[in-house]
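Colleague: Input file: coords-v8.csv. Contents: CSV, C-alpha atoms.
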chain,number,residue,atom,x,y,z
A,480,MET,CA,55.9,-63.8,41.3
A,481,ALA,CA,56.1,-60.4,39.7
A,482,LEU,CA,52.7,-59.2,40.8
A,483,ALA,CA,52.4,-61.0,44.1
A,484,ALA,CA,49.7,-60.0,46.6
A,485,ALA,CA,50.8,-57.2,48.8
A,486,SER,CA,49.0,-58.5,51.7
A,487,SER,CA,45.8,-60.3,52.5
A,488,GLY,CA,42.9,-58.4,51.1
A,489,SER,CA,44.9,-55.6,49.5
A,490,LEU,CA,45.4,-55.0,45.8
A,491,ARG,CA,48.3,-56.4,43.8
A,492,ALA,CA,50.7,-53.9,42.2
A,493,GLY,CA,49.1,-51.8,39.6
A,494,GLU,CA,45.8,-53.6,39.9
A,495,LEU,CA,43.8,-50.4,40.2
A,496,VAL,CA,44.1,-49.9,36.4
A,497,THR,CA,42.1,-53.1,35.9
A,498,ARG,CA,39.1,-51.9,38.0
A,499,TRP,CA,36.0,-50.5,36.4
A,500,PRO,CA,36.2,-46.9,37.8
A,501,PHE,CA,39.6,-46.5,36.1
A,502,LEU,CA,38.4,-48.1,32.9
A,503,VAL,CA,35.2,-46.0,32.8
A,504,ALA,CA,37.3,-42.8,33.2
A,505,VAL,CA,39.6,-43.8,30.4
A,506,VAL,CA,36.8,-44.8,28.0
A,507,GLY,CA,34.8,-41.7,29.1
A,508,LEU,CA,37.7,-39.4,28.2
A,509,VAL,CA,38.0,-40.9,24.7
A,510,VAL,CA,34.2,-40.9,24.1
A,511,ASN,CA,33.8,-37.4,25.4
A,512,ASP,CA,36.8,-36.0,23.4
A,513,HIS,CA,36.0,-37.7,20.2
A,514,PHE,CA,32.2,-37.8,20.1
A,515,ALA,CA,30.4,-36.0,22.9
A,516,LYS,CA,32.2,-32.7,22.5
A,517,GLN,CA,31.2,-32.5,18.9
A,518,ALA,CA,27.6,-33.8,19.5
A,519,PHE,CA,26.9,-31.8,22.6
A,520,PRO,CA,29.3,-28.8,22.6
A,521,GLY,CA,29.1,-26.8,25.8
A,522,ALA,CA,30.4,-26.4,29.3
A,523,VAL,CA,29.6,-29.9,30.5
A,524,THR,CA,31.5,-31.8,27.8
A,525,TRP,CA,34.2,-29.2,27.9
A,526,LYS,CA,34.9,-30.0,31.6
A,527,LEU,CA,34.1,-33.7,31.6
A,528,SER,CA,37.4,-34.6,29.9
A,529,ASP,CA,39.3,-32.8,32.6
A,530,VAL,CA,37.3,-34.7,35.3
A,531,PHE,CA,38.0,-38.1,33.6
A,532,GLY,CA,41.6,-37.3,33.0
A,533,LEU,CA,42.3,-36.0,36.5
A,534,PHE,CA,40.7,-39.1,37.9
A,535,PHE,CA,42.6,-41.7,36.0
A,536,PHE,CA,46.0,-40.0,35.4
A,537,PRO,CA,47.2,-40.2,39.1
A,538,LEU,CA,46.1,-43.8,39.2
A,539,LEU,CA,48.0,-44.5,36.0
A,540,LEU,CA,51.1,-42.8,37.3
A,541,HIS,CA,50.8,-44.7,40.6
A,542,ALA,CA,50.3,-48.1,38.8
A,543,MET,CA,53.3,-47.5,36.5
A,544,TRP,CA,55.4,-46.6,39.5
A,545,GLU,CA,54.3,-49.7,41.4
A,546,VAL,CA,54.8,-52.0,38.5
A,547,ALA,CA,58.2,-50.5,37.6
A,548,ARG,CA,59.3,-50.6,41.2
A,549,HIS,CA,58.2,-54.2,41.6
A,550,GLY,CA,59.8,-55.1,38.3
A,551,LEU,CA,63.1,-53.9,39.7
A,552,GLY,CA,62.7,-56.3,42.6
A,553,ALA,CA,61.4,-54.0,45.3
A,554,PRO,CA,58.9,-55.6,47.6
A,555,ILE,CA,55.4,-54.4,47.4
A,556,ALA,CA,54.5,-52.2,50.3
A,557,ARG,CA,51.3,-53.0,52.0
A,558,ARG,CA,49.9,-49.6,51.0
A,559,SER,CA,52.0,-47.3,48.9
A,560,ASP,CA,50.3,-44.1,50.1
A,561,VAL,CA,53.4,-42.0,49.5
A,562,SER,CA,53.7,-42.7,45.8
A,563,LEU,CA,49.9,-42.3,45.5
A,564,ALA,CA,50.1,-38.9,47.2
A,565,ILE,CA,53.0,-37.9,45.0
A,566,ALA,CA,51.1,-39.0,41.9
A,567,CYS,CA,48.0,-37.0,42.9
A,568,ALA,CA,50.0,-33.9,43.9
A,569,ALA,CA,52.0,-34.0,40.6
A,570,THR,CA,48.9,-34.4,38.5
A,571,GLY,CA,47.1,-31.5,40.3
A,572,LEU,CA,50.1,-29.3,40.2
A,573,VAL,CA,51.0,-29.7,36.6
A,574,PHE,CA,47.3,-29.4,35.6
A,575,SER,CA,47.0,-26.2,37.6
A,576,VAL,CA,50.1,-24.6,36.1
A,577,ALA,CA,49.0,-25.5,32.6
A,578,LYS,CA,45.6,-24.1,33.1
A,579,THR,CA,46.6,-20.8,34.7
A,580,SER,CA,49.7,-19.7,32.9
A,581,ALA,CA,50.7,-19.4,29.2
A,582,TRP,CA,54.2,-20.7,29.9
A,583,GLY,CA,52.8,-23.6,31.8
A,584,ALA,CA,50.4,-24.5,29.0
A,585,GLU,CA,53.2,-24.3,26.5
A,586,LEU,CA,55.6,-26.4,28.7
A,587,VAL,CA,53.0,-29.1,29.3
A,588,GLY,CA,51.9,-28.8,25.6
A,589,TRP,CA,55.4,-29.6,24.6
A,590,GLY,CA,55.6,-32.5,27.0
A,591,MET,CA,52.4,-33.9,25.6
A,592,GLY,CA,53.6,-33.2,22.0
A,593,VAL,CA,56.9,-35.1,22.6
A,594,CYS,CA,55.0,-38.1,24.1
A,595,GLN,CA,52.6,-38.0,21.1
A,596,TYR,CA,55.5,-37.8,18.7
A,597,ALA,CA,57.3,-40.8,20.4
A,598,VAL,CA,54.2,-42.8,19.6
A,599,LEU,CA,53.3,-41.4,16.2
A,600,ALA,CA,56.7,-41.1,14.6
A,601,PRO,CA,57.4,-44.9,14.5
A,602,VAL,CA,53.8,-45.4,13.1
A,603,ARG,CA,54.5,-42.9,10.4
A,604,LEU,CA,57.8,-44.4,9.5
A,605,LEU,CA,56.2,-47.9,9.3
A,606,ARG,CA,53.6,-46.4,6.9
A,607,GLY,CA,56.5,-45.1,4.8
A,608,VAL,CA,55.9,-41.4,5.4
A,609,ALA,CA,58.2,-38.9,7.0
A,610,ALA,CA,58.2,-38.9,10.8
A,611,GLY,CA,58.0,-35.1,10.8
A,612,SER,CA,59.0,-33.2,14.0
A,613,PRO,CA,57.3,-32.9,17.4
A,614,HIS,CA,54.8,-30.1,17.9
A,615,ALA,CA,53.4,-28.8,21.1
A,616,ALA,CA,49.9,-29.9,21.8
A,617,VAL,CA,47.6,-26.9,22.2
A,618,ILE,CA,46.4,-26.5,25.8
A,619,ALA,CA,43.9,-23.8,26.5
A,620,VAL,CA,44.7,-21.6,29.5
A,621,ASP,CA,41.4,-21.6,31.3
A,622,PRO,CA,41.4,-21.3,35.1
A,623,THR,CA,37.8,-22.4,35.3
A,624,ASP,CA,39.0,-25.8,34.3
A,625,LEU,CA,40.4,-26.0,37.9
A,626,LEU,CA,36.8,-26.8,38.9
A,627,ALA,CA,37.7,-30.4,37.8
A,628,LEU,CA,40.6,-30.6,40.4
A,629,PRO,CA,38.5,-32.4,43.0
A,630,ALA,CA,38.6,-35.4,40.7
A,631,VAL,CA,42.3,-35.8,41.8
A,632,ALA,CA,41.2,-36.0,45.4
A,633,VAL,CA,38.5,-38.5,44.5
A,634,ALA,CA,41.1,-40.6,42.8
A,635,GLY,CA,43.3,-40.5,45.9
A,636,TRP,CA,40.5,-41.4,48.1
A,637,TYR,CA,39.4,-44.3,45.8
A,638,ALA,CA,42.9,-45.7,45.5
A,639,THR,CA,43.5,-45.5,49.3
A,640,ARG,CA,40.2,-47.2,50.0
A,641,ARG,CA,40.8,-49.9,47.4
A,642,GLY,CA,44.4,-50.4,48.6
A,643,ARG,CA,43.2,-51.1,52.1
A,644,GLY,CA,41.1,-53.9,50.6
B,1454,MET,CA,43.2,-66.0,38.5
B,1455,THR,CA,46.8,-66.6,37.4
B,1456,SER,CA,49.6,-64.2,37.9
B,1457,ARG,CA,50.2,-64.1,34.2
B,1458,TRP,CA,46.6,-63.2,33.5
B,1459,GLN,CA,46.8,-60.5,36.1
B,1460,LYS,CA,50.0,-59.1,34.6
B,1461,ALA,CA,48.4,-58.9,31.2
B,1462,ARG,CA,45.4,-57.1,32.6
B,1463,VAL,CA,47.6,-54.5,34.4
B,1464,ALA,CA,49.7,-54.0,31.2
B,1465,ALA,CA,46.5,-53.6,29.1
B,1466,GLY,CA,45.1,-51.1,31.6
B,1467,ILE,CA,48.3,-49.0,31.5
B,1468,LEU,CA,48.6,-49.2,27.7
B,1469,LEU,CA,44.9,-48.2,27.3
B,1470,ALA,CA,45.2,-45.2,29.6
B,1471,ALA,CA,48.5,-44.1,28.0
B,1472,GLY,CA,47.0,-44.5,24.6
B,1473,ALA,CA,43.9,-42.4,25.6
B,1474,SER,CA,46.2,-39.7,26.9
B,1475,VAL,CA,48.1,-39.6,23.6
B,1476,ALA,CA,44.9,-39.7,21.6
B,1477,THR,CA,43.6,-36.7,23.5
B,1478,ALA,CA,46.7,-34.8,22.7
B,1479,ALA,CA,46.4,-35.9,19.1
B,1480,LEU,CA,42.8,-34.5,18.6
B,1481,PRO,CA,42.3,-32.7,15.4
B,1482,GLU,CA,42.1,-29.0,15.7
B,1483,TYR,CA,39.7,-26.8,13.7
B,1484,GLU,CA,40.2,-23.1,13.4
B,1485,SER,CA,38.7,-19.9,12.1
B,1486,THR,CA,40.9,-16.9,11.6
B,1487,ALA,CA,40.7,-13.2,10.8
B,1488,SER,CA,43.3,-10.4,10.6
B,1489,ALA,CA,43.3,-6.7,10.3
B,1490,ASP,CA,46.0,-4.1,9.7
B,1491,LYS,CA,46.2,-0.5,10.9
B,1492,GLU,CA,48.6,2.0,9.4
B,1493,LEU,CA,50.1,4.7,11.6
B,1494,ALA,CA,52.1,7.7,10.4
B,1495,PRO,CA,55.7,7.9,11.6
B,1496,PRO,CA,57.5,8.5,13.9
B,1497,VAL,CA,57.2,5.5,16.1
B,1498,PRO,CA,55.3,6.5,19.2
B,1499,THR,CA,56.2,5.7,22.8
B,1500,ALA,CA,53.1,3.6,23.0
B,1501,ILE,CA,49.9,2.8,21.1
B,1502,GLN,CA,46.6,2.2,22.8
B,1503,GLY,CA,43.4,1.1,21.1
B,1504,SER,CA,41.0,-1.7,20.9
B,1505,LEU,CA,40.1,-4.5,18.6
B,1506,ARG,CA,36.5,-5.2,17.8
B,1507,ILE,CA,36.1,-8.9,17.5
B,1508,GLY,CA,33.1,-10.7,16.1
B,1509,LEU,CA,32.4,-14.3,16.7
B,1510,ASP,CA,29.7,-16.7,15.5
B,1511,ASP,CA,27.9,-18.4,18.3
B,1512,LYS,CA,29.3,-21.7,17.0
B,1513,ALA,CA,32.8,-20.4,18.0
B,1514,LEU,CA,31.5,-19.5,21.5
B,1515,SER,CA,30.3,-23.0,22.2
B,1516,ALA,CA,33.5,-25.0,22.2
B,1517,ALA,CA,36.5,-22.9,21.3
B,1518,TRP,CA,39.3,-20.9,22.7
B,1519,MET,CA,40.7,-17.8,21.1
B,1520,GLU,CA,44.2,-16.5,20.5
B,1521,VAL,CA,44.9,-12.9,19.6
B,1522,THR,CA,48.2,-11.9,18.2
B,1523,ILE,CA,49.1,-8.3,17.7
B,1524,ALA,CA,52.4,-6.8,16.7
B,1525,PRO,CA,53.9,-4.3,14.3
B,1526,ALA,CA,54.4,-5.9,10.9
B,1527,GLU,CA,57.9,-4.4,10.7
B,1528,CYS,CA,58.8,-5.5,14.2
B,1529,GLY,CA,62.5,-6.2,14.5
B,1530,VAL,CA,63.5,-4.0,11.6
B,1531,ASN,CA,65.6,-1.0,12.5
B,1532,GLY,CA,65.2,-1.6,16.2
B,1533,LEU,CA,61.4,-1.4,16.1
B,1534,ASP,CA,61.0,-3.7,19.1
B,1535,VAL,CA,58.1,-4.0,21.5
B,1536,VAL,CA,59.0,-4.0,25.2
B,1537,SER,CA,55.5,-4.7,26.5
B,1538,ALA,CA,52.1,-5.5,25.2
B,1539,ARG,CA,48.7,-5.9,26.8
B,1540,VAL,CA,45.6,-7.4,25.2
B,1541,GLY,CA,42.6,-7.4,27.4
B,1542,GLU,CA,43.8,-8.2,30.9
B,1543,GLU,CA,46.9,-10.1,29.7
B,1544,THR,CA,50.2,-8.4,29.6
B,1545,ARG,CA,53.5,-9.6,28.1
B,1546,ASN,CA,56.8,-8.0,29.2
B,1547,SER,CA,60.0,-8.9,27.6
B,1548,THR,CA,63.3,-7.5,26.5
B,1549,ASN,CA,62.6,-8.5,23.0
B,1550,LEU,CA,59.0,-8.9,22.0
B,1551,CYS,CA,58.6,-9.0,18.3
B,1552,THR,CA,56.5,-10.5,15.6
B,1553,ASN,CA,54.6,-13.1,17.7
B,1554,ILE,CA,53.0,-11.8,20.8
B,1555,PRO,CA,50.3,-14.4,21.4
B,1556,PHE,CA,47.5,-13.9,23.9
B,1557,SER,CA,44.8,-16.2,24.8
B,1558,PRO,CA,41.8,-14.4,26.0
B,1559,ARG,CA,39.1,-16.9,26.7
B,1560,VAL,CA,36.1,-16.7,24.3
B,1561,ARG,CA,33.8,-17.3,27.2
B,1562,ALA,CA,35.1,-14.2,29.0
B,1563,ALA,CA,33.5,-12.1,26.3
B,1564,SER,CA,30.4,-10.3,27.4
B,1565,CYS,CA,28.0,-12.0,25.0
B,1566,LEU,CA,24.4,-12.9,25.8
B,1567,PRO,CA,23.9,-16.7,25.6
B,1568,ASP,CA,21.1,-16.5,23.0
B,1569,GLN,CA,22.9,-14.2,20.6
B,1570,GLN,CA,23.7,-15.6,17.2
B,1571,TRP,CA,26.6,-13.3,16.9
B,1572,CYS,CA,28.9,-11.9,19.5
B,1573,THR,CA,30.8,-8.6,19.2
B,1574,PHE,CA,33.1,-7.3,21.8
B,1575,ASP,CA,36.0,-4.9,22.2
B,1576,LEU,CA,39.4,-6.0,23.4
B,1577,PRO,CA,41.6,-3.1,24.5
B,1578,PHE,CA,45.3,-3.3,23.7
B,1579,GLU,CA,48.4,-1.3,24.4
B,1580,ILE,CA,51.8,-1.7,22.9
B,1581,VAL,CA,54.9,0.0,24.3
B,1582,PHE,CA,57.8,0.4,21.9
B,1583,ARG,CA,61.5,0.2,22.8
B,1584,SER,CA,62.6,2.9,20.4
B,1585,PRO,CA,60.2,5.8,20.0
B,1586,ASN,CA,60.9,8.1,17.1
B,1587,ALA,CA,62.8,5.4,15.3
B,1588,PRO,CA,62.6,5.6,11.5
B,1589,VAL,CA,60.0,3.3,9.9
B,1590,PRO,CA,61.4,1.6,6.8
B,1591,SER,CA,58.1,1.5,4.8
B,1592,GLY,CA,57.2,5.1,5.6
B,1593,TYR,CA,54.4,4.1,7.9
B,1594,LEU,CA,53.9,1.9,10.9
B,1595,ARG,CA,51.6,-1.1,10.3
B,1596,LEU,CA,50.0,-2.8,13.2
B,1597,ARG,CA,48.7,-6.3,12.5
B,1598,ALA,CA,46.1,-8.1,14.6
B,1599,ASN,CA,45.4,-11.8,14.0
B,1600,VAL,CA,42.5,-13.6,15.7
B,1601,ARG,CA,42.4,-17.4,15.8
B,1602,VAL,CA,39.6,-19.4,17.2
B,1603,VAL,CA,40.5,-23.0,17.8
B,1604,SER,CA,38.4,-26.0,18.6
B,1605,GLU,CA,39.3,-29.6,19.2
B,1606,ALA,CA,35.9,-30.8,18.2
B,1607,VAL,CA,33.7,-28.3,16.5
B,1608,GLU,CA,34.6,-28.3,12.8
B,1609,ASP,CA,32.5,-25.4,11.7
B,1610,LEU,CA,33.4,-22.5,13.8
B,1611,GLY,CA,31.7,-19.9,11.6
B,1612,VAL,CA,33.0,-16.5,10.7
B,1613,VAL,CA,35.4,-14.5,12.8
B,1614,THR,CA,36.0,-10.8,12.3
B,1615,VAL,CA,38.4,-8.3,13.7
B,1616,ALA,CA,38.8,-4.6,13.2
B,1617,PHE,CA,40.8,-1.8,14.8
B,1618,GLN,CA,38.7,0.7,16.6
What do you get writing this file as structure tokens?

Modeller:
Amino acid sequence: MALAAASSGSLRAGELVTRWPFLVAVVGLVVNDHFAKQAFPGAVTWKLSDVFGLFFFPLLLHAMWEVARHGLGAPIARRSDVSLAIACAATGLVFSVAKTSAWGAELVGWGMGVCQYAVLAPVRLLRGVAAGSPHAAVIAVDPTDLLALPAVAVAGWYATRRGRG
Amino acid sequence: MTSRWQKARVAAGILLAAGASVATAALPEYESTASADKELAPPVPTAIQGSLRIGLDDKALSAAWMEVTIAPAECGVNGLDVVSARVGEETRNSTNLCTNIPFSPRVRAASCLPDQQWCTFDLPFEIVFRSPNAPVPSGYLRLRANVRVVSEAVEDLGVVTVAFQ
């Protein structure tokens, strides 16, 4: 069974991404970016996307790692605290570098741009238009966005708590 | 709940979050730009100091970030290279800085009162040249400043102005 129970009472591999806090954060990010920022421009909507993103992204990384690992036949650990900690640390580190340095913002922007291109290029080709070339996503260097970093810790705490069942 | 159903939920959660991340990177960008030129008599000085007076509509202050680019228009011609440049508190040092020297001073760092409809502030700059006394092909040295205010969500950013002081 690919997604067998880890142990009695604990979550199955990747199951955190099916829970409502994760889904609220994902939907919140989309709603805030595409509607709220325009309807209510200001500091709150500006930071809210960072909070949502920093909450769900480590959980997403952790879930992808768990599922991939289990798909390769690895047994599910009772609690995969190490991969969760790495996901949280990587998210926080990359976000901090992108928000505090021009080179970091450009590097992460290119990473996002390439991911975006990987999705959009096939769509464009299917529509019969040129795939174009990847462009770096614009990321604003703004150290005050680091105020959203505690969301990573909240995600780690939440995942640990849920993982223990 | 079946394992298959659980797998589908996990896969849907991962795809949803990955899609949201890409959609965020794919947000439309709106911008308002301004540029100004300043002509200096030759020869090329060792360094130029001055300031840019930038004017922003309050709509631009609400949800935007700002990029300032300043460089000699003839940069790169006849050895007219810039070795370091500073705009506001940001400095770039390079062995070959030329036509694109982007800076990202945050709009919100500007000293504007919250209830002002229009915000004007001065941004000091300094450019250090590699080859002082180099000949200038066009007979004068032209500094060009570009200001670009970018927003992911606010379509009408209003008018942006820039002038050398």

Colleague: Quick one, how far is CA of Ala504 in chain A from CA of Ala1461 in chain B?

Modeller: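 Going from CA of Ala504 in chain A over to CA of Ala1461 in chain B, I get 19.7 Å.
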
Colleague: Quick check: residues of chain A within 7 Å of chain B, only C-alpha atoms, returned as a count of residues only.

Modeller: 18

Colleague: Tell me, as a short mmCIF file (atom, residue, chain, number, x, y, z; two decimals) with C-alpha atoms, in the coordinates of the input, which residues lie within 10 Å of Gly571 in chain A, counting all atoms listed in the file; anything in the same chain fewer than 6 positions away does not count.

Modeller:
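Written file, result01.cif:
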data_model
loop_
_atom_site.label_atom_id
_atom_site.label_comp_id
_atom_site.auth_asym_id
_atom_site.auth_seq_id
_atom_site.Cartn_x
_atom_site.Cartn_y
_atom_site.Cartn_z
CA LEU A 533 42.30 -36.00 36.50
CA PHE A 536 46.00 -40.00 35.40
CA PRO A 537 47.20 -40.20 39.10
CA ILE A 565 53.00 -37.90 45.00
CA ALA A 577 49.00 -25.50 32.60
CA LEU A 625 40.40 -26.00 37.90
CA ALA A 627 37.70 -30.40 37.80
CA LEU A 628 40.60 -30.60 40.40
CA PRO A 629 38.50 -32.40 43.00
CA ALA A 630 38.60 -35.40 40.70
CA VAL A 631 42.30 -35.80 41.80
CA ALA A 632 41.20 -36.00 45.40
#

Colleague: Residues at most 10 Å from Arg1597 in chain B, counting all atoms listed in the file, excluding those fewer than 2 positions away in the same chain, as a list in words?

Modeller: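 In the requested format, the answer is Ser1488, Ala1489, Asp1490, Lys1491, Glu1492, Thr1522, Ile1523, Ala1524, Pro1525, Ala1526, Glu1527, Thr1552, Leu1594, Arg1595, Asn1599 and Phe1617 of chain B.
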